[in-house]
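Working notes, beginning with the structure itself.
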Amino acid sequence: MLNTSEENSFLYSKTEKAPDFDKERAALLSKWLQNLPSVSRSLDIGCSSGGFSALLLKDIEKWGLDFERHPNLPKNFNFHACDISQLWPVPQEYFDTVLAGEVIEHVLDTDLFLHRCFDALRQGGHLLLTTPNLSSLANLRYWLQTEQYMWVDSAANQFGHVRYLAPKRMESTLRNAGFDNIVMTTVSGLESLQFFPSLRSLVQQVFPLRGNRLCVMAQKP
């Protein structure tokens, strides 16, 4: 039988590469980060090789947490190996931004995870996270076809995902953790309409929270 830490090492964000941010998602996150007031300290949860943090300026003080240091993680990272379900070896109320790309869906206790993100942020700091969108059009179509949601289907490779927060639940969970000024949108999906960009854009405008990836920005008051 696995002990807790061994089990978590399979569930959480231990990967061989950084999150595969598609162009739409990278463009959105870059825009959000560029519009934030001065960011001098960042914490990247499940940092892997630093793909999310690469969207930040190079001279920012960057911290990272993951099970082990990725060989391609930049040397300037203040990296700490840890099980993120346990205590985080980082100072509280220290960071201007906390980043969590494709991590929260791997976390068993999402409430505790968001509270720890909140505690790590200074007053006025921002949390930016991305996660698969349970209520995406693609997932709803998959359910109609198979009566099973895509990312929790053992036959479709669930990638160690154990929790999903659809937009409404995401907002309420963030508010319970203390966050406000919550911004949410979705990107990617509707690839079948790629040759009909006007139609794809229209569907995305009509259904702004039905894309494949939920992108969230929230502030610590």
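Ligands are numbered from 1 in the order shown, chains are lettered A, B, ... in the order of the structure tokens, and residues start at 1 in each chain.
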| task | May I have the residues within 7 Å of Arg210 of chain A as number ranges by chain, using only C-alpha atoms and disregarding those fewer than 2 positions away in the same chain? | result | A: 135-137, 186, 207-208, 212
| In terms of the shortest atom-to-atom distance over only C-alpha atoms, which of A:Thr131, A:Gln219, A:Phe67, A:Leu56 is closest to Gln34 of chain A? |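 Result for the nearest residue to Gln34 of chain A: A:Leu56.
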| message | Quick one: residues within 9 Å of Leu33 of chain A, only C-alpha atoms, excluding same-chain residues fewer than 4 positions away - as a PyMOL selection string? | response | chain A and resi 28-29+37+39+55-56+97+128
Please produce an output containing N, CA and C atoms for each residue in the selection, written as a PDB file, in the first residue's frame.
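The result, written out as selection_4.pdb:
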```pdb
ATOM      1  N   LEU A  28      -3.197  35.160 -23.499  1.00  0.00           N
ATOM      2  CA  LEU A  28      -4.067  35.683 -22.447  1.00  0.00           C
ATOM      3  C   LEU A  28      -3.305  35.874 -21.144  1.00  0.00           C
ATOM      4  N   LEU A  29      -2.546  34.873 -20.733  1.00  0.00           N
ATOM      5  CA  LEU A  29      -1.801  34.958 -19.480  1.00  0.00           C
ATOM      6  C   LEU A  29      -0.748  36.062 -19.539  1.00  0.00           C
ATOM      7  N   PRO A  37       0.060  45.443 -11.575  1.00  0.00           N
ATOM      8  CA  PRO A  37       1.025  46.403 -11.021  1.00  0.00           C
ATOM      9  C   PRO A  37       2.321  45.693 -10.679  1.00  0.00           C
ATOM     10  N   VAL A  39       5.298  43.571 -10.419  1.00  0.00           N
ATOM     11  CA  VAL A  39       5.514  42.222  -9.906  1.00  0.00           C
ATOM     12  C   VAL A  39       7.018  42.028  -9.727  1.00  0.00           C
ATOM     13  N   LEU A  55       6.628  33.453 -18.785  1.00  0.00           N
ATOM     14  CA  LEU A  55       5.828  34.577 -19.266  1.00  0.00           C
ATOM     15  C   LEU A  55       6.119  35.851 -18.487  1.00  0.00           C
ATOM     16  N   LEU A  56       6.850  35.731 -17.373  1.00  0.00           N
ATOM     17  CA  LEU A  56       7.224  36.891 -16.566  1.00  0.00           C
ATOM     18  C   LEU A  56       8.559  37.461 -17.032  1.00  0.00           C
ATOM     19  N   THR A  97       2.697  37.592  -7.013  1.00  0.00           N
ATOM     20  CA  THR A  97       1.826  36.717  -7.799  1.00  0.00           C
ATOM     21  C   THR A  97       2.154  35.258  -7.513  1.00  0.00           C
ATOM     22  N   LEU A 128      -2.890  33.496 -10.398  1.00  0.00           N
ATOM     23  CA  LEU A 128      -3.256  33.139 -11.762  1.00  0.00           C
ATOM     24  C   LEU A 128      -3.171  31.629 -11.893  1.00  0.00           C
TER      25      LEU A 128
END
```
| For Trp32 of chain A, which residue out of A:Lys58, A:Lys75, A:His126, A:Arg169 is the nearest one, using only C-alpha atoms? |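 Counting only C-alpha atoms, the residue closest to Trp32 of chain A is A:His126.
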| Pick from A:Ser42, A:Ile182, A:Val103, A:Tyr94, whichever lies nearest to Phe77 of chain A using only C-alpha atoms |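 Distance minimum relative to Phe77 of chain A lands on A:Ser42.
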| task | Would you list the contacts of Asp66 of chain A as a PyMOL selection string, taking every protein, DNA or RNA residue within 8 Å and counting only C-alpha atoms, but skipping same-chain residues closer than 4 positions in sequence? | result | chain A and resi 13-14+45-48+80-84
Selected residues, N, CA and C atoms, written as a PDB file, in the first residue's frame, please.
```
ATOM      1  N   SER A  13       1.610  17.337  -9.624  1.00  0.00           N
ATOM      2  CA  SER A  13       2.106  17.855 -10.903  1.00  0.00           C
ATOM      3  C   SER A  13       3.530  17.432 -11.240  1.00  0.00           C
ATOM      4  N   LYS A  14       3.901  16.232 -10.948  1.00  0.00           N
ATOM      5  CA  LYS A  14       5.236  15.753 -11.313  1.00  0.00           C
ATOM      6  C   LYS A  14       5.215  15.344 -12.786  1.00  0.00           C
ATOM      7  N   ILE A  45       3.695  27.192  -8.543  1.00  0.00           N
ATOM      8  CA  ILE A  45       3.366  25.914  -7.923  1.00  0.00           C
ATOM      9  C   ILE A  45       3.332  24.835  -9.004  1.00  0.00           C
ATOM     10  N   GLY A  46       4.032  23.736  -8.769  1.00  0.00           N
ATOM     11  CA  GLY A  46       4.147  22.711  -9.802  1.00  0.00           C
ATOM     12  C   GLY A  46       4.895  23.265 -10.993  1.00  0.00           C
ATOM     13  N   CYS A  47       6.039  23.881 -10.724  1.00  0.00           N
ATOM     14  CA  CYS A  47       6.729  24.697 -11.729  1.00  0.00           C
ATOM     15  C   CYS A  47       7.322  23.893 -12.867  1.00  0.00           C
ATOM     16  N   SER A  48       7.637  22.612 -12.660  1.00  0.00           N
ATOM     17  CA  SER A  48       8.262  21.782 -13.679  1.00  0.00           C
ATOM     18  C   SER A  48       9.470  22.514 -14.267  1.00  0.00           C
ATOM     19  N   HIS A  80      12.249  24.713  -4.359  1.00  0.00           N
ATOM     20  CA  HIS A  80      12.130  23.854  -3.180  1.00  0.00           C
ATOM     21  C   HIS A  80      11.344  22.604  -3.572  1.00  0.00           C
ATOM     22  N   ALA A  81      11.954  21.451  -3.359  1.00  0.00           N
ATOM     23  CA  ALA A  81      11.268  20.192  -3.613  1.00  0.00           C
ATOM     24  C   ALA A  81      10.346  19.887  -2.438  1.00  0.00           C
ATOM     25  N   CYS A  82       9.092  19.627  -2.740  1.00  0.00           N
ATOM     26  CA  CYS A  82       8.148  19.311  -1.662  1.00  0.00           C
ATOM     27  C   CYS A  82       6.904  18.655  -2.233  1.00  0.00           C
ATOM     28  N   ASP A  83       6.170  17.999  -1.356  1.00  0.00           N
ATOM     29  CA  ASP A  83       4.835  17.495  -1.644  1.00  0.00           C
ATOM     30  C   ASP A  83       3.886  18.657  -1.365  1.00  0.00           C
ATOM     31  N   ILE A  84       3.218  19.170  -2.392  1.00  0.00           N
ATOM     32  CA  ILE A  84       2.417  20.389  -2.192  1.00  0.00           C
ATOM     33  C   ILE A  84       1.167  20.158  -1.360  1.00  0.00           C
TER      34      ILE A  84
END
```
